[in-house]
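Peer 1: One structure is given below, represented as C-alpha cells, and several questions about it will come after.
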Amino acid sequence: MDKTIGSPARAVAGIGDGASVMIGGFGGAGSPIELIHALIDRYLATGHPTGLTVINNNAGNGHVGLAALIEAGMVRKLICSFPRSADPVVFTELYLAGKIELELVAQGTLAERIRAGGAGIPAFYTPTAYGTELAKGKQIAEFDGRPYVQERWLKADFALVKAHRGDTLGNLTYHAAARNFGPLMCMAAATTIVQVSELVAPGAIDPEAVITPGIFVQGVVEVPEPAQEEVLNRSQARYPEMTSCA
Amino acid sequence: MRLKLSSTQIAWRAAQDIADGAYVNLGIGIPELVARFQPPGRQAIFHTENGILNFGEAPAAGAEDWDLINAGKKAVTLRPGAAFFHHADSFAMVRGGHLDVAILGAYQVAENGDLANWSTGPKGVPAVGGAMDLVHGAKRVAVITEHVTREGAPKLVERCTLPLTGVECVTRVYTSLAVIDIEGGHFMLREKLAGLSFDDLQAQTGARLHLAGPVADLTVPEL
C-alpha cells in the first residue's frame, strides 16, 4: 500500500463543487498553503470547485492561502471561531456584503465537534456558550446540577492538512504548534489529504512518535520547505500572482 | 483628581495571586502582561489554547518560528519541559478543570459573575475564539479591567447589557481602582486604592459593593 500522491494538483483533483473541506491550521501555523493554492489553480483553470464549505479556525489573513481561496470566490460558507486577523479584509468585505455565510463556533467546541465527527460520536454536551447567543436553539441539559449545551459532530468530505514528516502509509508527525487542528481533521473527513515536508518509508518514523496514525489519512504529498503564511504576508504576497509588492 | 492604576500595574497585582507551579492561561492583550510580574521564586506554567504548555517570551526579531506561536498569533519560545498537543486536548485542559487560573479581559462583569468580553454588539464580523471555553473549567477565572469605560460608564454592573461570554463564571476582578471578589451573587470589596473613598468607588461601580471585614489598601509599585 502506498498513499503517496505525486503533486498538490493531483492531490486536490477530486474535490468537487459544493464539497465541505476542513483546512488545518491556526492562523498561519499548520496552514497547508500549497494544497490550498493548488485548489485555486484548478478553479482558475476549470471553474471548479466552487460553492465550498470551509472549516478552519480563522478566515484567512492577507491575500494568500485561505484568504486567497475566499477571495477567488470559491467559498460559500465558512465554519470558524475567529474570522479576524491582522489583515482580514478579504473575508470582512464579502461577509459585510452578504456574499459569504458564517457559522461562528467557540474554538474548543469547534475542535470537539471535529473530534466527535472523527470518533463516531454524533453529539455531546459542553458547558461552553451556555447562556450566550451561540447556544440559541440548542438543546440544554443538566448534569450534576450544572447546565450544558448540546453540540453536534462535524464531518467533512475532505480535509487538507499540513504535517511535518509522513510515511507512505500516512503516519504523521507535526511541527510545534502547527499540530493544532490537524490530528482532529484527519479523523473527521471522508478523504484526508496531507502535505508533509518530508516523505519517508514505513518504519522511518518511530511508532512511539506517531501523532496521527495512517488509518486516518488517504493521501500524502511531499512539499519540501513549505510556504509559511506569516512570511508570505510580511512580503505582501498575493496568490495567484505570488509577487511581492513590498 | 484621577487616581488609578495603569494596565501594567493591574497585571502586576494579578500576578501576585498566582502560585508557584500553577497552570495559567492568560487572555490576549493586557492579561498577557501578567507573565512579566511573577514574584521571585515562583514559576507558573503558561498554557496557550492553540497547543503549547510552558511557553516563554518572544524570540528576537528574525529568530521566529511561525509554527511556534501563541493564541494571539505572536511568536513565542519554549521553556524546558514544554509540551505540544492538539486542539481537542488543549480544550480538554480548559473545560476539564485542569487549569488553575484563567485571566481574561472584560467589557462588563456582573455581580453574579457573568462576563461579557467577546462582542460589543451586532455590528461588524463576530469572532469568539476561545473566550467562551476559557471561562469554564479553570479553578479561578479572574478578570483584569479598567474600573470604568473610556466614557466613564461602570464596567462592573448588576447585569451585563453586552452579549455574554459566560454566566456566573468570574471569581475575582482586578480593576484600575480595586480588587473585588464575586461571591454569592455579590461584589465583595477586598482592596481599594488608599486615596479613594468607599463612596467614590461605589459611585463608579454599577452594582452595590459589599464589605466582609476590613478593606486592604491596593498597593502596587510604580512600573
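The way I read the labels, and the way they are meant: chains A, B, ... in the order of the C-alpha cells, residue 1 as the first residue of every chain, and ligand 1 as the first ligand shown, with later ones counted on from there.
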Give the residues of chain B that lie within 6 Å of chain A; count only C-alpha atoms, and format the answer as a list in words.

Peer 2: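 My answer is Asn50, Gly51, Asp67, Leu68, His86, His87, Ala88, Phe91, Ala127, Val128, Gly129, Gly130, Met132, Asp133 and Leu164 of chain B.
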
Peer 1: I need the residues from that last selection saved to file as a short mmCIF file (atom, residue, chain, number, x, y, z; two decimals), in the first residue's frame (with C-alpha atoms), if you can.

Peer 2:
```cif
data_model
loop_
_atom_site.label_atom_id
_atom_site.label_comp_id
_atom_site.auth_asym_id
_atom_site.auth_seq_id
_atom_site.Cartn_x
_atom_site.Cartn_y
_atom_site.Cartn_z
CA ASN B 50 -3.54 26.75 20.29
CA GLY B 51 -1.49 23.95 21.76
CA ASP B 67 4.76 27.36 13.76
CA LEU B 68 5.63 28.33 17.34
CA HIS B 86 -3.76 19.21 19.51
CA HIS B 87 -6.82 21.40 19.98
CA ALA B 88 -9.09 18.77 21.50
CA PHE B 91 -9.59 22.49 25.33
CA ALA B 127 -15.44 36.49 16.36
CA VAL B 128 -15.32 34.48 19.57
CA GLY B 129 -12.16 32.34 19.53
CA GLY B 130 -11.54 30.55 22.82
CA MET B 132 -16.35 31.12 25.76
CA ASP B 133 -14.34 27.99 26.54
CA LEU B 164 -22.42 37.28 27.31
#
```

Peer 1: Using DSSP on the backbone coordinates, identify the residues of range 8-206 of chain B assigned to helix (DSSP H, G or I); present them as an MDAnalysis selection string.

Peer 2: chainID B and resid 8:15 30:37 87:95 131:134 198:203

Peer 1: What is the CA of Tyr148 in chain A-CA of Val94 in chain B distance in Å, reported with one decimal?

Peer 2: 15.3 Å

Peer 1: Would you mind listing what lies within 12 Å of Gly41 in chain B as a VMD selection string, with only C-alpha atoms counted and same-chain residues fewer than 6 positions away left out?

Peer 2: chain B and resid 16 18 to 21

Peer 1: For Asn233 in chain A, work out the shell of residues within 12 Å, counting only C-alpha atoms and skipping chain neighbours fewer than 3 positions away, then give it as a list in words.

Peer 2: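 Counting only the stated atoms, we get Gly27, Gly28, Gly60, Asn61, Gly62, His63, Val64, Gly65, Ala67, Ala68, Ser85, Ala86, Asp87, Pro88, Ala227, Gln228, Glu229, Glu230, Gln236, Ala237, Arg238, Tyr239, Met242, Thr243, Ser244, Cys245 and Ala246 of chain A; Trp66 of chain B.
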
Peer 1: Taking 5 positions as the minimum chain separation for residues in the same chain, which residues sit within 9 Å of Gly56 in chain B when counting only C-alpha atoms? Answer as a ChimeraX atom specification.

Peer 2: /B:35,46,76-79

Peer 1: Excluding same-chain residues fewer than 6 positions from Lys139 in chain B, what lies within 7 Å of it counting only C-alpha atoms, as an NGL selection string?

Peer 2: :B and (97 or 99-101)

Peer 1: Near Gly213 in chain B, within 10 Å and counting only C-alpha atoms, which residues show up once chain neighbours fewer than 3 positions away are dropped, as a PyMOL selection string?

Peer 2: chain B and resi 188-190+210+216

Peer 1: Would you put the residues from that selection into a file with N, CA and C atoms, as a JSON list (two decimals), in the first residue's frame?

Peer 2:
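Heads up, here's the output in result-v4.json:
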```json
[["chain", "number", "residue", "atom", "x", "y", "z"],
["B", 188, "MET", "N", -17.72, 41.62, 46.39],
["B", 188, "MET", "CA", -17.15, 41.76, 47.73],
["B", 188, "MET", "C", -15.84, 42.55, 47.60],
["B", 189, "LEU", "N", -15.81, 43.73, 48.16],
["B", 189, "LEU", "CA", -14.62, 44.58, 48.04],
["B", 189, "LEU", "C", -13.52, 44.08, 48.95],
["B", 190, "ARG", "N", -12.35, 43.79, 48.38],
["B", 190, "ARG", "CA", -11.20, 43.30, 49.17],
["B", 190, "ARG", "C", -10.11, 44.35, 49.33],
["B", 210, "HIS", "N", -20.11, 45.14, 48.43],
["B", 210, "HIS", "CA", -20.32, 44.60, 49.77],
["B", 210, "HIS", "C", -18.99, 44.52, 50.51],
["B", 216, "ALA", "N", -8.38, 46.17, 52.45],
["B", 216, "ALA", "CA", -6.95, 46.47, 52.42],
["B", 216, "ALA", "C", -6.65, 47.54, 51.40]]
```
